Structures are given as structure tokens and as C-alpha cells.
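One file, run_26.csv, is given below (CSV, C-alpha atoms).
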chain,number,residue,atom,x,y,z
I,276,MET,CA,-40.2,-18.9,95.5
I,277,PRO,CA,-40.5,-16.8,92.4
I,278,MET,CA,-40.4,-19.8,90.1
I,279,LEU,CA,-43.3,-21.5,91.8
I,280,MET,CA,-45.3,-18.3,91.9
I,281,SER,CA,-44.8,-18.0,88.1
I,282,ILE,CA,-46.0,-21.6,87.5
I,283,GLU,CA,-49.2,-21.0,89.6
I,284,GLY,CA,-49.9,-17.7,87.7
I,285,LYS,CA,-49.6,-19.5,84.3
I,286,GLN,CA,-51.9,-22.3,85.5
I,287,GLN,CA,-54.6,-19.9,86.5
I,288,GLN,CA,-54.7,-18.4,83.0
I,289,GLN,CA,-55.3,-21.8,81.3
I,290,PRO,CA,-59.1,-21.9,81.6
I,291,HIS,CA,-59.4,-18.5,79.8
I,292,ARG,CA,-57.2,-19.8,76.9
I,293,CYS,CA,-59.3,-23.0,76.7
I,294,LYS,CA,-62.5,-21.0,76.4
I,295,MET,CA,-61.0,-18.9,73.6
I,296,ASN,CA,-59.8,-22.0,71.8
I,297,ASN,CA,-63.2,-23.7,72.2
I,298,SER,CA,-64.9,-20.6,70.7
I,299,ILE,CA,-62.6,-20.7,67.7
I,300,GLY,CA,-63.2,-24.4,67.3
I,301,ARG,CA,-67.0,-24.0,67.4
I,302,MET,CA,-66.9,-21.2,64.8
I,303,ALA,CA,-64.7,-23.3,62.5
I,304,ARG,CA,-67.0,-26.3,62.8
I,305,LEU,CA,-70.1,-24.3,62.0
I,306,LEU,CA,-68.5,-22.8,59.0
I,307,MET,CA,-67.3,-26.2,57.8
I,308,ALA,CA,-70.7,-27.6,58.2
I,309,HIS,CA,-72.2,-24.8,56.2
I,310,VAL,CA,-69.6,-25.3,53.4
I,311,GLY,CA,-70.5,-29.0,53.2
I,312,SER,CA,-74.2,-28.2,52.8
I,313,ASN,CA,-73.7,-25.6,50.0
I,314,LYS,CA,-71.6,-27.1,47.2
I,315,SER,CA,-72.2,-24.2,44.8
I,316,GLY,CA,-70.8,-21.6,47.1
I,317,GLY,CA,-67.9,-23.7,48.3
I,318,SER,CA,-65.1,-21.4,47.0
I,319,LYS,CA,-66.7,-18.3,48.6
I,320,MET,CA,-67.2,-20.1,51.8
I,321,ARG,CA,-63.7,-21.4,51.9
I,322,LEU,CA,-62.5,-17.9,51.5
I,323,LEU,CA,-64.8,-16.8,54.3
I,324,LEU,CA,-63.6,-19.6,56.5
I,325,LEU,CA,-60.0,-18.6,55.9
I,326,CYS,CA,-60.7,-15.0,56.7
I,327,SER,CA,-62.7,-15.9,59.8
I,328,LEU,CA,-60.0,-18.2,61.1
I,329,THR,CA,-57.3,-15.5,60.5
I,330,VAL,CA,-59.3,-12.9,62.3
I,331,SER,CA,-60.1,-15.3,65.2
I,332,PHE,CA,-56.4,-16.2,65.5
I,333,SER,CA,-55.4,-12.6,65.5
I,334,LEU,CA,-57.9,-11.9,68.3
I,335,PHE,CA,-56.6,-14.8,70.2
I,336,LEU,CA,-53.0,-13.4,70.0
I,337,LEU,CA,-54.3,-10.0,71.1
I,338,PHE,CA,-56.1,-11.6,74.0
I,339,LEU,CA,-52.9,-13.3,75.1
I,340,ALA,CA,-50.9,-10.1,74.7
I,341,SER,CA,-53.5,-8.1,76.7
I,342,ARG,CA,-53.4,-10.7,79.5
I,343,SER,CA,-49.6,-10.4,79.6
I,344,LEU,CA,-49.6,-6.6,79.7
I,345,SER,CA,-52.5,-6.2,82.0
I,346,SER,CA,-51.6,-9.0,84.5
I,347,HIS,CA,-49.5,-7.8,87.4
I,348,HIS,CA,-48.1,-9.8,90.2
I,349,PRO,CA,-47.6,-8.5,93.8
I,350,PRO,CA,-44.1,-7.0,94.4
I,351,LEU,CA,-41.6,-9.2,96.3
I,352,SER,CA,-41.5,-8.1,99.9
I,353,PRO,CA,-38.2,-7.5,101.6
I,354,LEU,CA,-37.2,-10.2,104.2
I,355,PRO,CA,-38.4,-9.4,107.7
I,356,GLY,CA,-36.0,-7.0,109.4
I,357,LYS,CA,-33.9,-6.7,106.3
I,358,GLY,CA,-33.5,-4.4,103.4
I,359,TYR,CA,-30.8,-2.7,101.4
I,360,THR,CA,-28.9,0.5,101.2
I,361,VAL,CA,-28.8,2.4,97.9
I,362,VAL,CA,-25.4,4.0,97.3
I,363,ILE,CA,-25.6,6.6,94.5
I,364,ASN,CA,-22.4,7.8,93.0
I,365,THR,CA,-22.9,11.4,91.7
I,366,TRP,CA,-20.8,14.1,90.1
I,367,LYS,CA,-22.2,17.6,89.3
I,368,ARG,CA,-25.6,16.4,88.0
I,369,ASN,CA,-28.0,17.5,90.7
I,370,ASP,CA,-31.0,17.2,88.4
I,371,LEU,CA,-30.2,13.5,87.8
I,372,LEU,CA,-29.5,13.0,91.5
I,373,LYS,CA,-32.9,14.4,92.5
I,374,LYS,CA,-34.7,12.1,90.0
I,375,SER,CA,-32.7,9.0,91.3
I,376,VAL,CA,-33.4,9.7,94.9
I,377,ALA,CA,-37.1,10.4,94.3
I,378,HIS,CA,-37.4,7.0,92.4
I,379,TYR,CA,-35.5,4.8,94.9
I,380,ALA,CA,-37.4,6.3,97.8
I,381,THR,CA,-40.5,4.5,96.4
I,382,CYS,CA,-39.0,1.0,96.3
I,383,ALA,CA,-40.2,-1.2,99.2
I,384,GLY,CA,-36.9,-2.7,100.2
I,385,VAL,CA,-34.9,0.5,100.5
I,386,ASP,CA,-33.7,1.1,104.1
I,387,ALA,CA,-31.3,4.0,103.4
I,388,ILE,CA,-29.9,6.1,100.6
I,389,HIS,CA,-26.3,7.2,100.7
I,390,VAL,CA,-25.0,9.8,98.2
I,391,VAL,CA,-21.3,9.6,97.5
I,392,TRP,CA,-20.2,13.2,97.1
I,393,SER,CA,-16.7,13.9,95.7
I,394,GLU,CA,-17.1,17.4,94.3
I,395,PRO,CA,-14.8,20.2,95.5
I,396,ASP,CA,-17.6,22.2,97.0
I,397,LEU,CA,-19.8,20.8,99.8
I,398,PRO,CA,-23.4,20.0,99.0
I,399,GLN,CA,-25.6,23.0,99.5
I,400,SER,CA,-28.0,22.8,102.4
I,401,SER,CA,-30.9,23.6,100.0
I,402,LEU,CA,-30.0,20.4,98.0
I,403,ILE,CA,-29.9,18.3,101.2
I,404,ASP,CA,-33.2,19.7,102.5
I,405,SER,CA,-34.9,19.2,99.2
I,406,LEU,CA,-33.8,15.5,99.0
I,407,LYS,CA,-34.9,14.9,102.5
I,408,LYS,CA,-38.3,16.3,101.7
I,409,VAL,CA,-38.6,14.2,98.6
I,410,VAL,CA,-37.7,11.0,100.5
I,411,ARG,CA,-40.3,11.8,103.2
I,412,SER,CA,-43.0,12.4,100.5
I,413,LYS,CA,-42.1,9.3,98.4
I,414,SER,CA,-41.7,6.8,101.2
I,415,LYS,CA,-44.6,4.4,101.5
I,416,GLY,CA,-46.2,3.1,104.7
I,417,ASN,CA,-44.4,3.8,108.0
I,418,ARG,CA,-40.9,3.5,106.6
I,419,GLU,CA,-38.3,6.0,107.6
I,420,ILE,CA,-35.7,6.0,104.9
I,421,GLU,CA,-32.4,7.5,106.0
I,422,ILE,CA,-30.7,9.8,103.4
I,423,LYS,CA,-27.1,10.7,104.0
I,424,PHE,CA,-24.3,12.5,102.1
I,425,ASP,CA,-21.0,10.7,102.3
I,426,VAL,CA,-18.7,13.7,101.6
I,427,ASN,CA,-15.2,13.0,100.3
I,428,HIS,CA,-12.4,15.6,100.2
I,429,GLU,CA,-10.5,13.7,97.5
I,430,ASP,CA,-11.8,13.4,93.9
I,431,SER,CA,-11.4,9.6,93.3
I,432,LEU,CA,-13.6,6.9,91.8
I,433,ASN,CA,-12.6,4.8,94.7
I,434,ASN,CA,-14.9,6.9,96.9
I,435,ARG,CA,-17.9,4.9,95.7
I,436,PHE,CA,-16.5,1.8,97.5
I,437,LYS,CA,-15.1,3.5,100.6
I,438,GLU,CA,-15.9,1.7,103.8
I,439,MET,CA,-19.2,2.8,105.5
I,440,LYS,CA,-19.3,1.9,109.2
I,441,ASP,CA,-22.8,3.2,109.9
I,442,LEU,CA,-24.8,1.0,107.5
I,443,ARG,CA,-27.9,-0.6,108.9
I,444,THR,CA,-28.1,-3.3,106.2
I,445,ASP,CA,-25.7,-6.0,104.8
I,446,ALA,CA,-26.9,-5.5,101.2
I,447,ILE,CA,-25.6,-2.6,99.2
I,448,TYR,CA,-27.1,-1.6,95.9
I,449,SER,CA,-24.5,0.4,94.0
I,450,ILE,CA,-25.9,2.7,91.3
I,451,ASP,CA,-24.9,5.7,89.2
I,452,ASP,CA,-26.9,8.9,89.4
I,453,ASP,CA,-28.0,8.5,85.8
I,454,VAL,CA,-29.4,4.9,86.1
I,455,ILE,CA,-32.9,4.1,87.1
I,456,THR,CA,-33.8,0.6,88.0
I,457,PRO,CA,-37.6,-0.2,88.2
I,458,CYS,CA,-38.6,-1.2,91.7
I,459,SER,CA,-40.0,-4.5,90.6
I,460,SER,CA,-36.6,-5.5,89.0
I,461,LEU,CA,-34.8,-4.2,92.0
I,462,GLU,CA,-36.8,-6.2,94.5
I,463,PHE,CA,-36.3,-9.4,92.4
I,464,ALA,CA,-32.5,-8.8,92.2
I,465,TYR,CA,-32.5,-8.4,96.0
I,466,THR,CA,-34.1,-11.8,96.4
I,467,VAL,CA,-31.5,-13.3,94.1
I,468,TRP,CA,-28.7,-11.6,96.2
I,469,ASN,CA,-30.3,-13.0,99.4
I,470,SER,CA,-29.9,-16.5,97.9
I,471,ALA,CA,-26.2,-15.9,97.3
I,472,PRO,CA,-25.0,-12.9,99.5
I,473,SER,CA,-21.3,-13.4,98.8
I,474,SER,CA,-21.9,-12.9,95.1
I,475,MET,CA,-22.2,-9.7,93.1
I,476,VAL,CA,-25.6,-9.5,91.5
I,477,GLY,CA,-26.4,-7.0,88.9
I,478,PHE,CA,-28.0,-5.9,85.6
I,479,VAL,CA,-25.1,-5.0,83.4
I,480,PRO,CA,-22.9,-8.0,82.4
I,481,ARG,CA,-19.5,-7.7,80.7
I,482,MET,CA,-16.9,-10.3,79.7
I,483,HIS,CA,-13.1,-10.7,79.4
I,484,TRP,CA,-11.9,-12.7,76.4
I,485,LEU,CA,-8.6,-14.3,75.7
I,486,ARG,CA,-7.0,-12.6,72.7
I,487,ASP,CA,-6.4,-14.7,69.6
I,488,PRO,CA,-3.0,-16.3,70.1
I,489,THR,CA,-2.2,-15.8,66.4
I,490,GLU,CA,-2.2,-12.0,66.9
I,491,THR,CA,1.5,-12.1,67.9
I,492,CYS,CA,1.8,-8.3,67.5
I,493,MET,CA,-0.5,-7.8,70.5
I,494,GLU,CA,1.0,-7.7,73.9
I,495,GLU,CA,-2.3,-7.8,75.8
I,496,GLN,CA,-3.6,-11.2,76.7
I,497,TYR,CA,-7.2,-10.2,77.4
I,498,VAL,CA,-9.9,-8.2,75.6
I,499,TYR,CA,-12.7,-6.4,77.4
I,500,GLY,CA,-16.0,-7.5,76.0
I,501,GLY,CA,-18.9,-5.0,76.0
I,502,TRP,CA,-22.6,-5.7,75.9
I,503,TRP,CA,-22.7,-6.9,72.3
I,504,SER,CA,-20.2,-9.6,73.0
I,505,VAL,CA,-22.3,-10.8,75.9
I,506,TRP,CA,-25.4,-10.7,73.8
I,507,TRP,CA,-23.8,-12.7,71.0
I,508,SER,CA,-22.1,-15.3,73.2
I,509,GLY,CA,-24.4,-15.5,76.2
I,510,THR,CA,-21.3,-15.5,78.4
I,511,TYR,CA,-20.1,-13.0,81.0
I,512,SER,CA,-17.6,-12.7,83.9
I,513,MET,CA,-18.4,-9.3,85.4
I,514,VAL,CA,-21.5,-7.3,86.4
I,515,LEU,CA,-20.8,-3.6,86.6
I,516,SER,CA,-21.3,-1.7,89.8
I,517,LYS,CA,-23.4,1.0,88.0
I,518,ALA,CA,-26.3,-1.3,88.9
I,519,ALA,CA,-25.4,-4.2,91.3
I,520,PHE,CA,-25.9,-5.7,94.7
I,521,PHE,CA,-23.0,-6.8,96.9
I,522,HIS,CA,-22.3,-7.4,100.6
I,523,LYS,CA,-21.1,-4.4,102.6
I,524,GLN,CA,-18.0,-6.4,103.7
I,525,TYR,CA,-16.6,-5.7,100.2
I,526,LEU,CA,-16.5,-2.0,101.0
I,527,THR,CA,-14.2,-2.8,103.9
I,528,ILE,CA,-12.0,-5.2,101.9
I,529,TYR,CA,-11.8,-2.7,99.0
I,530,THR,CA,-10.7,0.1,101.3
I,531,ASN,CA,-8.4,-1.7,103.7
I,532,GLN,CA,-7.3,-5.0,102.2
I,533,MET,CA,-7.2,-4.7,98.4
I,534,LEU,CA,-3.7,-3.9,97.0
I,535,PRO,CA,-3.2,-0.1,97.2
I,536,SER,CA,-1.7,-0.2,93.7
I,537,ILE,CA,-5.1,-0.9,92.3
I,538,ARG,CA,-6.7,2.0,94.1
I,539,ASP,CA,-3.9,4.2,92.9
I,540,TYR,CA,-4.4,2.9,89.4
I,541,THR,CA,-8.2,3.8,89.3
I,542,THR,CA,-7.5,7.3,90.8
I,543,LYS,CA,-4.8,8.1,88.2
I,544,ASN,CA,-6.7,6.7,85.2
I,545,ARG,CA,-10.2,7.8,86.3
I,546,ASN,CA,-11.6,4.5,85.1
I,547,CYS,CA,-12.1,0.8,86.0
I,548,GLU,CA,-13.1,1.0,89.6
I,549,ASP,CA,-16.0,-1.2,88.7
I,550,ILE,CA,-13.6,-3.8,87.1
I,551,ALA,CA,-11.5,-3.6,90.3
I,552,MET,CA,-14.5,-4.5,92.4
I,553,SER,CA,-15.3,-7.4,90.1
I,554,PHE,CA,-11.8,-8.7,90.4
I,555,LEU,CA,-11.9,-8.3,94.2
I,556,ILE,CA,-15.2,-10.3,94.7
I,557,ALA,CA,-14.1,-13.0,92.2
I,558,ASN,CA,-10.8,-13.3,94.0
I,559,VAL,CA,-12.5,-13.7,97.4
I,560,THR,CA,-15.3,-16.1,96.2
I,561,GLY,CA,-13.7,-18.0,93.3
I,562,SER,CA,-17.1,-17.8,91.7
I,563,PRO,CA,-18.8,-15.8,88.9
I,564,PRO,CA,-21.2,-13.0,89.5
I,565,ILE,CA,-25.0,-13.4,88.8
I,566,TRP,CA,-26.6,-11.5,85.9
I,567,VAL,CA,-30.2,-10.6,86.6
I,568,GLU,CA,-32.5,-10.0,83.6
I,569,GLY,CA,-34.1,-6.6,83.9
I,570,LYS,CA,-34.4,-3.3,82.2
I,571,ILE,CA,-32.6,-0.3,83.5
I,572,HIS,CA,-33.1,3.2,82.2
I,573,GLU,CA,-30.1,5.5,81.6
I,574,ILE,CA,-31.2,9.1,82.0
I,575,GLY,CA,-27.8,10.7,81.3
I,576,SER,CA,-25.2,10.4,78.5
I,577,THR,CA,-22.2,12.2,79.6
I,578,GLY,CA,-20.4,9.5,81.6
I,579,ILE,CA,-16.9,8.0,81.1
I,580,SER,CA,-18.2,5.3,78.8
I,581,SER,CA,-19.3,7.9,76.2
I,582,LEU,CA,-15.7,8.9,75.6
I,583,GLY,CA,-13.7,7.6,72.6
I,584,GLY,CA,-11.3,4.7,73.1
I,585,HIS,CA,-13.3,3.5,76.1
I,586,SER,CA,-13.1,-0.3,75.2
I,587,ALA,CA,-9.3,-0.1,74.7
I,588,ARG,CA,-8.8,1.5,78.1
I,589,ARG,CA,-11.0,-1.1,79.7
I,590,SER,CA,-9.0,-3.9,78.1
I,591,LYS,CA,-5.8,-2.3,79.4
I,592,CYS,CA,-7.3,-2.3,82.9
I,593,VAL,CA,-8.2,-6.0,82.7
I,594,ASN,CA,-4.7,-6.9,81.7
I,595,ASP,CA,-3.0,-4.6,84.2
I,596,PHE,CA,-5.2,-5.9,87.1
I,597,ALA,CA,-4.5,-9.5,86.1
I,598,ALA,CA,-0.8,-8.7,86.1
I,599,ILE,CA,-1.1,-7.2,89.6
I,600,TYR,CA,-3.0,-10.2,90.9
I,601,GLY,CA,-0.6,-12.6,89.2
I,602,THR,CA,-3.6,-14.5,87.9
I,603,MET,CA,-7.0,-14.0,86.3
I,604,PRO,CA,-9.6,-14.3,89.1
I,605,LEU,CA,-12.7,-13.6,86.9
I,606,VAL,CA,-14.8,-16.7,86.3
I,607,PRO,CA,-17.0,-16.9,83.1
I,608,THR,CA,-20.6,-18.1,83.3
I,609,SER,CA,-23.7,-18.3,81.1
I,610,VAL,CA,-26.3,-18.4,84.0
I,611,LYS,CA,-28.9,-15.7,84.1
I,612,ALA,CA,-31.5,-15.1,86.8
I,613,VAL,CA,-35.0,-14.5,85.3
I,614,ASP,CA,-38.2,-13.6,87.1
I,615,SER,CA,-40.4,-16.3,85.5
I,616,ARG,CA,-43.6,-14.7,86.8
I,617,SER,CA,-43.4,-12.1,84.0
I,618,LYS,CA,-42.5,-14.6,81.2
I,619,TRP,CA,-44.7,-16.7,78.9
I,620,PHE,CA,-42.0,-19.2,78.2
I,621,TRP,CA,-39.1,-19.9,80.5

Would you write the structure of this file as C-alpha cells?
Amino acid sequence: MPMLMSIEGKQQQQPHRCKMNNSIGRMARLLMAHVGSNKSGGSKMRLLLLCSLTVSFSLFLLFLASRSLSSHHPPLSPLPGKGYTVVINTWKRNDLLKKSVAHYATCAGVDAIHVVWSEPDLPQSSLIDSLKKVVRSKSKGNREIEIKFDVNHEDSLNNRFKEMKDLRTDAIYSIDDDVITPCSSLEFAYTVWNSAPSSMVGFVPRMHWLRDPTETCMEEQYVYGGWWSVWWSGTYSMVLSKAAFFHKQYLTIYTNQMLPSIRDYTTKNRNCEDIAMSFLIANVTGSPPIWVEGKIHEIGSTGISSLGGHSARRSKCVNDFAAIYGTMPLVPTSVKAVDSRSKWFW
């Protein structure tokens, strides 16, 4: 398990740290002995001792930092016969799409890449051919990663969660075309999802908050909390589907069993399909999602979240969905999954 691997890795580093500590100790003892034998130069020697200890401690810290930066652990291997499908939602950003496909084709656990296409024009054959070529060139080993365009004739954000009947994996990694997840973080998140496959496991946490009851002029009961509220409180109740794992069964439920009024809502407002999926999974499981610590890189800045009034619209979605459900299914939590192999302290 990752936790045990981390403990073993830290134990192997201990002898090096002990040697460094012993060297510093010997230097200090020699200097102190010299100070004791030379009373007249005591002040100068004390200053020299202080400087030497400061330099030695600084070198020790640099040593630890270099060990942390240079040490690398083997990537987590996908489970035998398993893997995951990367589902990329894209919209008129072929340059970003190409970068995303090229990156995810290098990740060990990827079995297939599906591109959700909702543009009015069909994808050009040159684009399809170039992406197939990129996938073949980037794939490692004997893997044959399937790349497929899921073409939709209706422009709706619900398309990213449309049922896919030809999937070869249970695990779905839902991602936006402008988000890059490092392969090491992706593989760790996949192992977390395997431990709780009914959960939504992702990198971008959000929270719903009860509004202050003293604000009587406000009709909305809940407030959508962005990243800063999660950072401040350490509490979240959603992980956004711009970078999250979930089971393929939720595509079927979203398409065929979720209330049509919610799908109509997201199509009309062009927002909150990710909140709708969080509501759906929480309602099915009665449990919170799982936030995985990991860096993601956003390579675009023209999405919906960059528009003014975004938080207010998201708050309205949370309240409207709660009204449609007749309850609040989202469950807050403060648990975070951390890959301890890359941590000094955990």
C-alpha cells in the first residue's frame, strides 16, 4: 500500500541523515575543544563556531531538500486487467485538445481516450488522424490506447456525462481540455478510486455552506464555496468533474435516471453540470467524495469560471438542485487522500 511504501522509503534515508548529523557533531566538538584550549582567542573562536554551525546546518537542510527533490519512487502500476478511460470535454480549442491527448497517452493506466465533441461542425479528419498518430507515438510498451470521438449533435454540457456503452473500463477520468494532471498524481488517484469505486475521487474540492440565518433578506439557503473557503476551513462536499474519477454506471444514471429537469436546467443555464453530478453521486451513495492532494495545471483561461458573477450562479444552482431533490444530498467531509511517499511529514 502507498502508506507502507512511504514509511519504508523514509526509513532507508535515515542512515544518511545520521551520518550528516555525526559529521556536524564532530565538527562542533573539535571547535569547542579548541576554544577551551585557547582562552585568549575565545571570542573569535565562539564567532567562528557559530558561523561554522550555521553553515553546517544550512548544508544539512540543502542535503535534505536535494534528497527530497532527487528521490523518485516507481509509479503505481494499474491493477491487472484494469485501467481507466480518460473522457475529455472540449469546445473549439483544438490546440489544447492536442496537448491534453498527447499528455494522457503517456500515463500508464490509460486504456482509452474519449473526446466529447459538441461543436456544430464535425471534427476534421486531419484532426482525428493527427491525434491517433500522437497516441501511437506517446503510448509506452505494448499498449494500444483507443482514441474515439463521441460526436453530439446538440450543444449541451450534459454531453460530457452521456452514457457510453462501448467502454472497456469501469473507471472514468473526467477532465476538461485545458487541465493537465501529472501522470504520477493520476495513478495515485486511480488507486484511491479502486479502494472506493462508488465514490467520486478528484483534485478540485468545493463546498456548500448554510447561509447565515440572520441574513433574513436572503432567500437562498446555501452558498457555493470556492477554493478559498475550502482552503480556509479544510472542509468540502464536492469534487468537480473537471478532474475526477467516477464509475461508468453514473453516466447511465445521469442520462437515463436522473430527473430530466436537472438536465434541462444545465442545458438552459450552460453551467453546473458538475454540481449536478456531485448531487447525483451523493444521493446514490449517501457519502462524501474523496479529495486527492495533487497538482493540476490549467493551460487555458477562457472557461465559464472566468466570467463575472460565477459564484452567484453556482450558489443558485446548489439551491435550485436542493429544491428539486427536496433535500440536500451533499455530505461535508475534511478527509484528504495524500500520497505519503512524496511527503517528509504526514

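The coordinates place atom CA of Arg481 of chain I at 15.1 Å from atom CA of Met603 of chain I.
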
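The neighbours of segment 518-522 of chain I here are the residues that come within 9 Å of it, using all atoms listed in the file and leaving out any residue fewer than 6 positions away in the same chain; they are Tyr359, Asp445, Ala446, Ile447, Tyr448, Ser449, Ile450, Asp451, Val454, Ile455, Thr456, Ala464, Tyr465, Trp468, Pro472, Ser473, Ser474, Met475, Val476, Gly477, Phe478, Val479, Ile556 and Ile571 of chain I.
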
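Remark: for Gly358 of chain I, the closest of the candidate residues I:Asn434, I:Leu406, I:Glu394, I:Thr444 is I:Thr444 (distances computed over only C-alpha atoms).
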
**Message:** Residues near Lys591 of chain I, anyone? I mean within 9 Å using only C-alpha atoms, not counting same-chain ones fewer than 5 positions away, as a ChimeraX atom specification.
**Reply:** /I:495,497-499,586,596

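If all atoms listed in the file are the atoms counted, then among I:Ile528, I:Leu442, I:Met513, I:Val410 the closest residue to Trp484 of chain I is I:Met513.
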
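Interatomic distance, atom CA of Pro398 of chain I against atom CA of Asn531 of chain I: 26.8 Å.
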
**Prompt:** Pick from I:Pro395, I:Gly575, I:Gly384, I:Pro563: nearest to Ser414 of chain I, with only C-alpha atoms counted?
**Reply:** I:Gly384

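Between atom CA of Val391 of chain I and atom CA of Lys517 of chain I lies a distance of 13.0 Å.
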
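Nearest to Thr541 of chain I of all the residues I:Leu402, I:Ala383, I:Ala587, I:Leu432 is I:Leu432, based on all atoms listed in the file.
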
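Proximity of I:Ser460, I:Asn427, I:Thr530, I:Asn558 to Ala612 of chain I, computed with only C-alpha atoms, is greatest for I:Ser460.
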
**Prompt:** What lies within 7 Å of Ser375 of chain I using only C-alpha atoms, ignoring chain neighbours under 3 positions off, as JSON, numbers by chain?
**Reply:** {"I": [371, 372, 378, 379, 452, 455]}
